[in-house]
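Reviewing the structure listed below.
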Amino acid sequence: MEDLRLNVSLLRRRVPNLTTAAKSVGLRPATVSNLCTGKIPVGRSEVRTLVALASLAECSLDELIIRGEKVEMIETKIKALDLFAPLAKGGTIGLVARHGMGQLVLLSELFFRLKKDGFTTILLMPEGNFPELSDVKVNTDIIAATIDEAYEEIAVKGKTTDIAFAADRRNVLTGEIYDLQERLQGIGLNNVTTFLVDLTGESVDEDLPYGPLETLWQFDADLSARHKFPAVNPIYSTSSVLEGAHLDQNHLATQQRAQKLLRRYRELLSLVNVRGLEYLPASEIQTFKRGERLEAYLTQPFYVAEEFTGQKGESVALIETINDVRKILDGVTDSIETERLSYIGQYIAD
């Protein structure tokens, strides 16, 4: 049962407004979202849920459930993303954030990195004036004014290169993104990785703001307020790449241990903020300090922000990230000042 996953692209095509549709048949949108991203493995889901989804998509269970197909990961060399919510190649990625949390900086950084890796970057400009997109446009190869123009550009460029395509949530609400994806699949283009952002910030209040996704990056108000960037929540962000049958077991084990530590750290942080560190038991102080170091390590300087921060951008291979995180989890860095782990690339011990 471990090699099963939902046919997310089919769900996207057949059930555009999945939030409303899911509620209409008694399904929780959050459950559907977790099934799509792999946070809830298909093998552990309720049969009635799968039957209801198949009914909504007007397909059989065999069509809804894909067996034995690996979801390929794009290694971004951004520590927090690669470890906790890997970028699914050819999938749809939703960024959920309010203003000021850094979603457009992250998109700009990804476009910068993907261009270096040979991707063609395409941005569908939303209607209206959005000066905040200026930094993204710097790292965009092609800017499309309409969905039809985006289709024409992708159809041509997609024959020879991988595509990184970005659009605003408004194009999701109108159904245009689903139509575009269906047209591209109709001509056999499966190498388009789609990033969806929300320029209004309204997605934070929705259960399933983009419909079915392969990767979900949930931004965190607390992290951004404390200037811990990228402010992607390592607990609530997830990806279909994380399904155990296809993921390196060292990666999976490290990711799960790190999430467990960060959950407890966040609980303890609330107590420390109210009463102070001295009120924690000795065993919990160690947990708190390691969580603090791990959270610091997950910050990272971006190339696109160099002129603003004065720090050189850093790339860290996934294997290096895993090794570093294991050192923090195992206490190897217990004697290191937390500040020395903030906004670095790979950790290199003295």
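Residues are referred to by chain and number: the chain letter is A, B, ... according to the order shown in the structure tokens, the number counts from 1 in that chain, and ligands are numbered separately from 1 in the order shown.
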
| field | Polymer residues at most 10 Å from Val96 (chain A), only C-alpha atoms, same-chain spacing of 3 or more positions, as a list in words | value | Ile93, Met101, Gln103, Leu196, Val197, Asp198, Leu199, Gly201, Glu202, Ser203, Val204, Asp205, Glu206, Pro209, Tyr210, Leu216, Trp217, Gln218, Phe219, Asp220, Val232 and Ser237 of chain A

| field | Picked from region 13-258 of chain A by DSSP as alpha helix (DSSP H), as a PyMOL selection string | value | chain A and resi 13-14+18-24+29-37+47-57+61-64+79-84+103-116+134-138+147-157+170-173+176-186+221-225+249-258

Restricted to C-alpha atoms, what would the selected residues look like written as a compact mmCIF listing (two decimals), in the first residue's frame?
```
# COMPACT_ATOMS: atom_id res chain seq x y z
CA ARG A 13 -9.09 18.82 -14.18
CA ARG A 14 -12.33 17.20 -13.08
CA LEU A 18 -12.69 21.15 -4.79
CA THR A 19 -13.35 22.98 -1.51
CA THR A 20 -17.06 23.41 -2.18
CA ALA A 21 -17.36 19.98 -3.80
CA ALA A 22 -15.65 18.25 -0.87
CA LYS A 23 -17.91 19.95 1.67
CA SER A 24 -20.98 19.01 -0.39
CA PRO A 29 -11.17 20.17 2.74
CA ALA A 30 -8.10 19.88 5.00
CA THR A 31 -8.27 16.08 4.75
CA VAL A 32 -8.49 16.27 0.96
CA SER A 33 -5.54 18.69 0.88
CA ASN A 34 -3.44 16.37 3.06
CA LEU A 35 -4.25 13.43 0.80
CA CYS A 36 -3.22 15.38 -2.29
CA THR A 37 0.12 16.46 -0.84
CA VAL A 47 -12.26 4.03 1.83
CA ARG A 48 -15.35 6.25 1.92
CA THR A 49 -13.12 9.31 1.37
CA LEU A 50 -11.54 7.80 -1.73
CA VAL A 51 -14.92 6.66 -3.05
CA ALA A 52 -16.35 10.17 -2.54
CA LEU A 53 -13.40 11.75 -4.37
CA ALA A 54 -13.75 9.30 -7.25
CA SER A 55 -17.44 10.15 -7.43
CA LEU A 56 -16.69 13.89 -7.54
CA ALA A 57 -14.15 13.34 -10.32
CA LEU A 61 -10.81 4.22 -8.04
CA ASP A 62 -8.24 2.77 -10.44
CA GLU A 63 -8.10 6.11 -12.25
CA LEU A 64 -7.98 8.10 -9.00
CA LYS A 79 17.34 23.90 3.31
CA ALA A 80 13.84 24.33 4.74
CA LEU A 81 12.10 23.49 1.46
CA ASP A 82 14.17 20.47 0.48
CA LEU A 83 13.94 18.86 3.91
CA PHE A 84 10.31 19.52 4.88
CA GLN A 103 6.38 34.70 -0.60
CA LEU A 104 7.42 36.85 -3.57
CA VAL A 105 11.04 36.94 -2.41
CA LEU A 106 10.97 33.14 -2.29
CA LEU A 107 9.39 32.95 -5.76
CA SER A 108 12.03 35.33 -7.13
CA GLU A 109 14.78 33.24 -5.53
CA LEU A 110 13.36 30.04 -7.00
CA PHE A 111 13.14 31.56 -10.47
CA PHE A 112 16.76 32.70 -10.10
CA ARG A 113 17.91 29.22 -9.09
CA LEU A 114 15.80 27.35 -11.64
CA LYS A 115 17.04 29.58 -14.48
CA LYS A 116 20.59 28.61 -13.54
CA SER A 134 9.11 43.79 -9.94
CA ASP A 135 11.74 41.57 -8.28
CA VAL A 136 10.09 38.42 -9.65
CA LYS A 137 10.07 39.94 -13.15
CA VAL A 138 13.85 40.45 -12.98
CA ILE A 147 -3.66 32.91 -20.26
CA ASP A 148 -3.68 32.25 -24.02
CA GLU A 149 -0.33 33.98 -24.39
CA ALA A 150 1.03 31.88 -21.53
CA TYR A 151 -0.20 28.72 -23.28
CA GLU A 152 1.47 29.66 -26.56
CA GLU A 153 4.79 30.44 -24.88
CA ILE A 154 4.78 27.27 -22.76
CA ALA A 155 3.72 25.13 -25.73
CA VAL A 156 6.76 26.33 -27.69
CA LYS A 157 9.40 26.50 -24.97
CA ARG A 170 -7.17 34.92 -9.16
CA ASN A 171 -6.41 32.77 -12.19
CA VAL A 172 -7.24 29.75 -10.06
CA LEU A 173 -10.57 31.21 -8.94
CA GLU A 176 -8.13 29.52 -16.13
CA ILE A 177 -5.20 27.66 -14.56
CA TYR A 178 -7.05 24.34 -14.70
CA ASP A 179 -7.98 24.96 -18.33
CA LEU A 180 -4.36 25.80 -19.12
CA GLN A 181 -3.06 22.65 -17.43
CA GLU A 182 -5.58 20.52 -19.27
CA ARG A 183 -4.59 22.06 -22.62
CA LEU A 184 -0.91 21.44 -21.89
CA GLN A 185 -1.57 17.84 -20.93
CA GLY A 186 -3.55 17.50 -24.12
CA ALA A 221 3.54 34.79 10.82
CA ASP A 222 5.66 34.08 13.89
CA LEU A 223 8.75 33.19 11.84
CA SER A 224 8.42 36.30 9.68
CA ALA A 225 7.85 38.52 12.73
CA GLN A 249 14.73 6.73 4.32
CA ASN A 250 17.48 8.84 5.86
CA HIS A 251 15.68 11.93 4.57
CA LEU A 252 12.31 10.73 5.87
CA ALA A 253 13.63 9.76 9.31
CA THR A 254 15.48 13.07 9.70
CA GLN A 255 12.47 15.09 8.51
CA GLN A 256 10.19 13.34 11.02
CA ARG A 257 12.63 13.77 13.92
CA ALA A 258 13.13 17.43 13.04
```

| task | Pull the strand (DSSP E or B) assignments for region 61-200 of chain A out of DSSP run on the backbone, and list those residues as a VMD selection string. | result | chain A and resid 65 to 67 73 to 74 87 to 88 92 to 96 120 to 124 142 to 144 163 to 168 192 to 197

Written file, previous selection with N, CA, C and O atoms, as a tab-separated table (two decimals), in the first residue's frame:
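Result file follows (part_1.tsv):
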```tsv
chain	number	residue	atom	x	y	z
A	65	ILE	N	-6.36	6.52	-8.17
A	65	ILE	CA	-5.18	6.10	-7.41
A	65	ILE	C	-4.08	5.63	-8.36
A	65	ILE	O	-4.30	4.75	-9.20
A	66	ILE	N	-2.92	6.26	-8.25
A	66	ILE	CA	-1.77	5.90	-9.09
A	66	ILE	C	-0.87	4.97	-8.30
A	66	ILE	O	-0.57	5.22	-7.13
A	67	ARG	N	-0.43	3.91	-8.94
A	67	ARG	CA	0.40	2.92	-8.26
A	67	ARG	C	1.83	2.95	-8.77
A	67	ARG	O	2.06	2.93	-9.97
A	73	MET	N	11.64	14.98	-7.39
A	73	MET	CA	11.91	16.19	-6.62
A	73	MET	C	12.87	17.11	-7.39
A	73	MET	O	13.83	16.64	-7.99
A	74	ILE	N	12.60	18.40	-7.33
A	74	ILE	CA	13.57	19.39	-7.80
A	74	ILE	C	14.33	19.87	-6.57
A	74	ILE	O	13.74	20.45	-5.66
A	87	LEU	N	10.04	20.40	-3.55
A	87	LEU	CA	9.38	20.86	-4.76
A	87	LEU	C	9.16	19.69	-5.71
A	87	LEU	O	10.11	19.04	-6.14
A	88	ALA	N	7.89	19.42	-6.02
A	88	ALA	CA	7.53	18.30	-6.90
A	88	ALA	C	7.64	18.74	-8.35
A	88	ALA	O	6.92	19.64	-8.80
A	92	THR	N	1.99	21.16	-9.09
A	92	THR	CA	1.47	22.48	-8.79
A	92	THR	C	1.78	22.80	-7.35
A	92	THR	O	1.50	22.00	-6.46
A	93	ILE	N	2.38	23.95	-7.12
A	93	ILE	CA	2.85	24.35	-5.79
A	93	ILE	C	2.08	25.58	-5.35
A	93	ILE	O	2.02	26.58	-6.07
A	94	GLY	N	1.49	25.52	-4.17
A	94	GLY	CA	0.73	26.65	-3.65
A	94	GLY	C	1.48	27.33	-2.52
A	94	GLY	O	1.93	26.66	-1.58
A	95	LEU	N	1.62	28.66	-2.60
A	95	LEU	CA	2.23	29.44	-1.54
A	95	LEU	C	1.12	30.15	-0.78
A	95	LEU	O	0.34	30.91	-1.37
A	96	VAL	N	1.03	29.89	0.52
A	96	VAL	CA	-0.04	30.45	1.35
A	96	VAL	C	0.57	31.43	2.33
A	96	VAL	O	1.30	31.03	3.25
A	120	THR	N	13.13	27.43	-18.18
A	120	THR	CA	12.60	28.68	-18.70
A	120	THR	C	11.54	29.17	-17.71
A	120	THR	O	10.63	28.41	-17.36
A	121	THR	N	11.67	30.40	-17.25
A	121	THR	CA	10.73	30.93	-16.26
A	121	THR	C	9.71	31.84	-16.94
A	121	THR	O	10.06	32.71	-17.73
A	122	ILE	N	8.44	31.58	-16.63
A	122	ILE	CA	7.34	32.31	-17.27
A	122	ILE	C	6.39	32.82	-16.18
A	122	ILE	O	5.99	32.07	-15.29
A	123	LEU	N	6.03	34.08	-16.25
A	123	LEU	CA	5.11	34.69	-15.29
A	123	LEU	C	3.87	35.19	-16.01
A	123	LEU	O	3.97	35.91	-17.00
A	124	LEU	N	2.71	34.78	-15.51
A	124	LEU	CA	1.44	35.31	-16.02
A	124	LEU	C	1.08	36.51	-15.15
A	124	LEU	O	0.76	36.36	-13.97
A	142	ILE	N	10.02	35.12	-19.59
A	142	ILE	CA	8.89	35.52	-20.43
A	142	ILE	C	7.75	36.00	-19.54
A	142	ILE	O	7.37	35.31	-18.58
A	143	ILE	N	7.20	37.16	-19.83
A	143	ILE	CA	6.04	37.68	-19.11
A	143	ILE	C	4.84	37.63	-20.04
A	143	ILE	O	4.85	38.25	-21.12
A	144	ALA	N	3.83	36.89	-19.64
A	144	ALA	CA	2.62	36.74	-20.46
A	144	ALA	C	1.51	37.62	-19.89
A	144	ALA	O	1.32	37.70	-18.68
A	163	ILE	N	9.86	23.95	-17.69
A	163	ILE	CA	9.22	25.24	-17.48
A	163	ILE	C	8.90	25.45	-16.00
A	163	ILE	O	8.37	24.55	-15.34
A	164	ALA	N	9.23	26.64	-15.51
A	164	ALA	CA	8.75	27.09	-14.20
A	164	ALA	C	7.77	28.22	-14.47
A	164	ALA	O	8.16	29.27	-15.00
A	165	PHE	N	6.51	28.01	-14.13
A	165	PHE	CA	5.44	28.94	-14.48
A	165	PHE	C	4.78	29.44	-13.20
A	165	PHE	O	4.48	28.66	-12.29
A	166	ALA	N	4.56	30.74	-13.11
A	166	ALA	CA	3.93	31.33	-11.92
A	166	ALA	C	2.71	32.13	-12.31
A	166	ALA	O	2.68	32.81	-13.34
A	167	ALA	N	1.69	32.06	-11.45
A	167	ALA	CA	0.45	32.81	-11.68
A	167	ALA	C	-0.17	33.17	-10.34
A	167	ALA	O	0.20	32.62	-9.29
A	168	ASP	N	-1.11	34.08	-10.38
A	168	ASP	CA	-1.79	34.55	-9.17
A	168	ASP	C	-3.03	33.69	-8.90
A	168	ASP	O	-3.63	33.10	-9.81
A	192	VAL	N	5.94	21.05	-16.82
A	192	VAL	CA	5.64	22.41	-16.36
A	192	VAL	C	5.40	22.38	-14.86
A	192	VAL	O	4.45	21.75	-14.38
A	193	THR	N	6.27	23.04	-14.11
A	193	THR	CA	6.11	23.15	-12.66
A	193	THR	C	5.46	24.50	-12.39
A	193	THR	O	6.01	25.55	-12.73
A	194	THR	N	4.27	24.47	-11.77
A	194	THR	CA	3.44	25.66	-11.63
A	194	THR	C	3.45	26.18	-10.19
A	194	THR	O	3.15	25.44	-9.26
A	195	PHE	N	3.78	27.45	-10.03
A	195	PHE	CA	3.77	28.11	-8.73
A	195	PHE	C	2.57	29.04	-8.66
A	195	PHE	O	2.39	29.88	-9.54
A	196	LEU	N	1.78	28.90	-7.61
A	196	LEU	CA	0.61	29.76	-7.42
A	196	LEU	C	0.81	30.62	-6.19
A	196	LEU	O	1.06	30.10	-5.10
A	197	VAL	N	0.71	31.93	-6.35
A	197	VAL	CA	0.85	32.85	-5.22
A	197	VAL	C	-0.47	33.59	-5.01
A	197	VAL	O	-1.35	33.55	-5.87
```

| field | Among listed residues A:Lys89, A:Lys289, A:Arg266, A:Lys77, nearest Ser315 (chain A) (using only C-alpha atoms) | value |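 Smallest distance to Ser315 (chain A) is found for A:Lys77.
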
| said: Need the shell around Lys159 (chain A): protein/DNA/RNA residues with any atom at most 10 Å away, counting only C-alpha atoms. Skip same-chain ones fewer than 6 positions apart. Format as an MDAnalysis selection string? | reply: chainID A and resid 188:189 191

Emit the selected residues as a PDB file, in the first residue's frame, including N, CA and C atoms.
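Once everything was written out, this is again21.pdb:
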```
ATOM      1  N   GLY A 188       0.649  16.806 -24.471  1.00  0.00           N
ATOM      2  CA  GLY A 188       1.721  15.958 -23.948  1.00  0.00           C
ATOM      3  C   GLY A 188       2.812  16.673 -23.184  1.00  0.00           C
ATOM      4  N   LEU A 189       2.545  17.892 -22.707  1.00  0.00           N
ATOM      5  CA  LEU A 189       3.559  18.610 -21.929  1.00  0.00           C
ATOM      6  C   LEU A 189       3.350  18.356 -20.437  1.00  0.00           C
ATOM      7  N   ASN A 191       6.142  18.732 -18.270  1.00  0.00           N
ATOM      8  CA  ASN A 191       7.352  19.255 -17.629  1.00  0.00           C
ATOM      9  C   ASN A 191       7.182  20.695 -17.165  1.00  0.00           C
TER      10      ASN A 191
END
```

| query | Quick one: distance from CA of Ser239 (chain A) to CA of Ala85 (chain A) in Å, one decimal? | reply |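 Distance reported for this atom pair: 4.9 Å.
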
| In Å, how far is it from CA of Thr287 (chain A) to CA of Glu320 (chain A)? | 22.5 Å

| said: When you count only C-alpha atoms, which of these residues is closest to Tyr265 (chain A): A:Pro281, A:Thr238, A:Phe119, A:Arg293? | reply: A:Arg293

| When you draw a straight line from CA of Glu127 (chain A) to CA of Arg12 (chain A), how long is it in Å? | 23.5 Å

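Counting only C-alpha atoms, Glu295 (chain A) has the following residues at most 8 Å away, ignoring those fewer than 4 positions along the same chain: Lys228, Leu262, Gly291 and Thr299 of chain A.
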
| query | For Leu6 (chain A), which of A:Glu214, A:Glu339, A:Glu132, A:Asp207 is the closest residue, counting only C-alpha atoms? | reply |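 Of A:Glu214, A:Glu339, A:Glu132, A:Asp207, the one nearest Leu6 (chain A), counting only C-alpha atoms, is A:Glu214.
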